[in-house]
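**Q** Could you have a look at this structure, given as structure tokens, before my questions?
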Amino acid sequence: MNSISLLQEELNKAVIGRKKEIELMLIGLIVQGHVLLESVPGSGKTMMAKSFAEAIQGEFKRLQFTPDVLPSDVTGISFFHPKKQEFILRVGPVMSNILLADEINRATPRTQSSLLEAMEEKQVTIDGETIKLLTPFMVIATQNPVESQQGTFPLPAAQLDRFLFKLTIDYPSVEEERVILQQFGRTPGEVKSKKIVTLEQIENWSEKVKDVAVHDDIMTYIIQIVHSTRNHPYIELGLSSRASLALLQAAKAHAFINNRMYVTPDDVKNVIEPVCIHRMKLSSQGMLIHNLTEVMRELVSEIEVPVEATIR
């Protein structure tokens with residue numbers, strides 16, 4: 001069993017009933033994309049993020065977002081040291097391999113925006129000094145939709161566009177709930193994953209993903225999906241060029257973790273919704289009769305799928 005399979009197996013034991021979400025988070029790690037987890041309180045978002053980080057031999061920081069958290073609490077600050085009589089630069093929790101931004105929508109827009117540079121350019125600027133972040137760098141953010149009107153600040157489109165995936169965590173099934181009670185009944189909240197992979201292995205995977213072959217027909221398929229969202233009568237905000245790149249990178253990583261060095265249409269289909277849905281916005285007319293998932297599925301179904309036999 002290779003190290004990717006070992007990591008997936010370990011995380012599936014530590015986090016019950018989240019096989020698909022763990023696979024997508026692994027894709028995000030490999031391509032250094034960021035993941036937004038959304039679900040009701042108590043559904044295991046933070047546990048999943050902590051278990052994921054614990055399985056990787058790197059720097060992990062957690063920041064609980066609240067309205068009083070300042071941008072400098074995220075990125076860092078330059079402060080005057082009275083004994084040394086000089087300014088000292090102290091980088092914040094953003095200097096990590098995996099940053100858990102817990103309940104990110106509770107922070108003010110000013111604090112949320114402090115992550116934009118880090119998420120896009122893998123660097124932060126503090127008092128005019130630019131500092132490169134660690135590699136790999138991944139933000140795992142959580143939010144819950146229940147209290148969306150109670151002291152929260154919805155993420156703007158520019159911030160949402162920087163997340164590779166948005167994953168909505170559903171309630172566990174009856175059998176999954178039974179396993180959760182059996183395994184965690186005595187130690188609720190305990191992280192049970194073990195260190196499985198090193199940062200060097202992750203960087204090695206990232207380099208190998210770059211060599212995954214993408215046929216011109218797959219490129220055309222992705223372009224058609226993206227452009228169809230920009231011309232749909234019910235979509236006010238279609239997919240950006242960043243979204244098309246994200247779709248390509250996620251499809252390549254999906255092929256890689258499934259032991260293939262070429263992308264198939266199914267690789268694209270498996271990542272379309274988590275890559276695209278959160279980047280789009282329905283028009284006022286579209287909101288009355290559809291939701292984004294329905295529109296996206298209908299849109300994709302109308303686009304001709306490349307014949308897999310011709311793209312290997």
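Letters for chains follow the order of the structure tokens (A, B, ...), residue numbers begin at 1 for each chain, and ligand numbers begin at 1 in the order shown.
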Looking only at strand (DSSP E or B) from DSSP on the backbone, list the matching residues of region 191-291 of chain A as a PyMOL selection string.
**A** chain A and resi 197-198+213+235-237+262+281-282
**Q** Find the residues around Gln285 (chain A) up to 12 Å (only C-alpha atoms counted), leave out those fewer than 3 positions away in its own chain, and share them as an MDAnalysis selection string.
**A** chainID A and resid 232:236 281:282 288:291
**Q** Check the smallest atom-to-atom distance from each of A:Ser244, A:Leu115, A:Lys45, A:Val15 to Thr229 (chain A) using only C-alpha atoms, then report the winner.
**A**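 With only C-alpha atoms as the atom set, the closest residue is A:Ser244.
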**Q** Just checking: using only C-alpha atoms, which residue out of A:Asn204, A:Thr111, A:Ser72, A:Ser228 ends up closest to Ser301 (chain A)?
**A**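 Of the candidates, the smallest distance to Ser301 (chain A) is held by A:Ser228.
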**Q** Can you tell me, as a list in words, what residues are no more than 10 Å from Ile98 (chain A) when counting only C-alpha atoms, ignoring any on the same chain fewer than 5 positions away?
**A** Leu29, Gln32, His34, Ala49, Lys50, Phe52, Ala53, Glu54, Ile56, Gly58, Glu59, Phe60, Lys61, Arg62, Pro93, Leu134, Thr135, Pro136, Phe137, Met138, Val139 and Ile140 of chain A
**Q** Put those residues in a file: N, CA and C atoms, as a CSV table (one decimal), in the first residue's frame.
**A**
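Generated output (out_33.csv):
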```
chain,number,residue,atom,x,y,z
A,29,LEU,N,-4.5,19.4,-0.4
A,29,LEU,CA,-3.1,19.4,0.2
A,29,LEU,C,-2.1,19.3,-0.9
A,32,GLN,N,-1.9,22.3,-3.0
A,32,GLN,CA,-1.8,23.5,-2.1
A,32,GLN,C,-3.0,24.4,-2.3
A,34,HIS,N,-6.9,25.6,-0.8
A,34,HIS,CA,-7.5,25.8,0.5
A,34,HIS,C,-8.9,25.2,0.5
A,49,ALA,N,-10.5,18.6,10.5
A,49,ALA,CA,-9.4,19.4,10.2
A,49,ALA,C,-8.2,19.1,11.1
A,50,LYS,N,-8.4,18.9,12.4
A,50,LYS,CA,-7.4,18.6,13.3
A,50,LYS,C,-6.8,17.2,13.0
A,52,PHE,N,-6.8,15.7,10.2
A,52,PHE,CA,-6.0,15.8,8.9
A,52,PHE,C,-4.6,16.4,9.1
A,53,ALA,N,-4.6,17.5,9.9
A,53,ALA,CA,-3.3,18.1,10.2
A,53,ALA,C,-2.4,17.2,11.0
A,54,GLU,N,-3.0,16.4,12.0
A,54,GLU,CA,-2.2,15.6,12.9
A,54,GLU,C,-1.5,14.5,12.1
A,56,ILE,N,0.0,14.7,9.4
A,56,ILE,CA,1.1,15.3,8.5
A,56,ILE,C,2.2,15.8,9.4
A,58,GLY,N,4.1,18.3,9.9
A,58,GLY,CA,4.4,19.7,9.6
A,58,GLY,C,3.9,20.6,10.7
A,59,GLU,N,4.0,21.9,10.5
A,59,GLU,CA,3.5,22.9,11.5
A,59,GLU,C,2.0,23.1,11.3
A,60,PHE,N,1.3,23.0,12.5
A,60,PHE,CA,-0.2,23.2,12.5
A,60,PHE,C,-0.5,24.3,13.5
A,61,LYS,N,-1.3,25.2,13.0
A,61,LYS,CA,-1.8,26.3,13.9
A,61,LYS,C,-3.3,26.4,13.8
A,62,ARG,N,-3.9,26.7,14.9
A,62,ARG,CA,-5.3,26.9,14.9
A,62,ARG,C,-5.6,28.3,15.4
A,93,PRO,N,0.1,33.2,13.3
A,93,PRO,CA,-0.1,31.8,13.1
A,93,PRO,C,-0.2,31.4,11.6
A,134,LEU,N,5.6,29.0,4.8
A,134,LEU,CA,6.1,27.7,4.7
A,134,LEU,C,5.5,26.9,3.5
A,135,THR,N,6.2,25.9,3.1
A,135,THR,CA,5.7,25.1,2.0
A,135,THR,C,5.6,23.6,2.4
A,136,PRO,N,4.5,22.9,2.2
A,136,PRO,CA,3.3,23.5,1.6
A,136,PRO,C,2.5,24.3,2.6
A,137,PHE,N,1.6,25.1,2.1
A,137,PHE,CA,0.7,25.9,3.0
A,137,PHE,C,-0.7,25.7,2.6
A,138,MET,N,-1.6,25.5,3.5
A,138,MET,CA,-3.0,25.2,3.3
A,138,MET,C,-3.8,25.8,4.4
A,139,VAL,N,-4.9,26.5,4.0
A,139,VAL,CA,-5.9,27.0,5.0
A,139,VAL,C,-7.1,26.0,5.0
A,140,ILE,N,-7.4,25.6,6.1
A,140,ILE,CA,-8.7,24.8,6.3
A,140,ILE,C,-9.6,25.7,7.2
```
**Q** Under the rule that only C-alpha atoms are counted, which of A:Asp161, A:Gly44, A:Glu203, A:Glu9 is the nearest residue to Pro188 (chain A)?
**A**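 So, comparing all the options, the nearest one is A:Gly44.
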**Q** Fewer than 3 positions away in the same chain doesn't count, so skip those; otherwise give me all residues within 8 Å of Glu10 (chain A), counting only C-alpha atoms, as a PyMOL selection string.
**A** chain A and resi 6-7+13-14+55+193-194+196
**Q** Could you pull the residues within 7 Å of Phe153 (chain A), counting only C-alpha atoms, minus those fewer than 3 positions along the same chain, as a PyMOL selection string?
**A** chain A and resi 105-109
**Q** Please produce an output containing N, CA, C and O atoms for each residue in the selection, written as a PDB file, in the first residue's frame.
**A**
```
ATOM      1  N   ASN A 105     -16.208  32.986   9.429  1.00  0.00           N
ATOM      2  CA  ASN A 105     -17.204  34.022   9.158  1.00  0.00           C
ATOM      3  C   ASN A 105     -17.615  34.817  10.397  1.00  0.00           C
ATOM      4  O   ASN A 105     -18.439  35.723  10.316  1.00  0.00           O
ATOM      5  N   ARG A 106     -17.015  34.502  11.553  1.00  0.00           N
ATOM      6  CA  ARG A 106     -17.257  35.327  12.742  1.00  0.00           C
ATOM      7  C   ARG A 106     -16.301  36.520  12.811  1.00  0.00           C
ATOM      8  O   ARG A 106     -16.518  37.448  13.596  1.00  0.00           O
ATOM      9  N   ALA A 107     -15.247  36.490  12.005  1.00  0.00           N
ATOM     10  CA  ALA A 107     -14.301  37.611  11.977  1.00  0.00           C
ATOM     11  C   ALA A 107     -14.837  38.720  11.081  1.00  0.00           C
ATOM     12  O   ALA A 107     -15.622  38.487  10.157  1.00  0.00           O
ATOM     13  N   THR A 108     -14.390  39.943  11.339  1.00  0.00           N
ATOM     14  CA  THR A 108     -14.816  41.081  10.526  1.00  0.00           C
ATOM     15  C   THR A 108     -14.203  40.988   9.126  1.00  0.00           C
ATOM     16  O   THR A 108     -13.183  40.307   8.927  1.00  0.00           O
ATOM     17  N   PRO A 109     -14.798  41.656   8.134  1.00  0.00           N
ATOM     18  CA  PRO A 109     -14.233  41.632   6.781  1.00  0.00           C
ATOM     19  C   PRO A 109     -12.773  42.057   6.728  1.00  0.00           C
ATOM     20  O   PRO A 109     -11.991  41.530   5.928  1.00  0.00           O
TER      21      PRO A 109
END
```
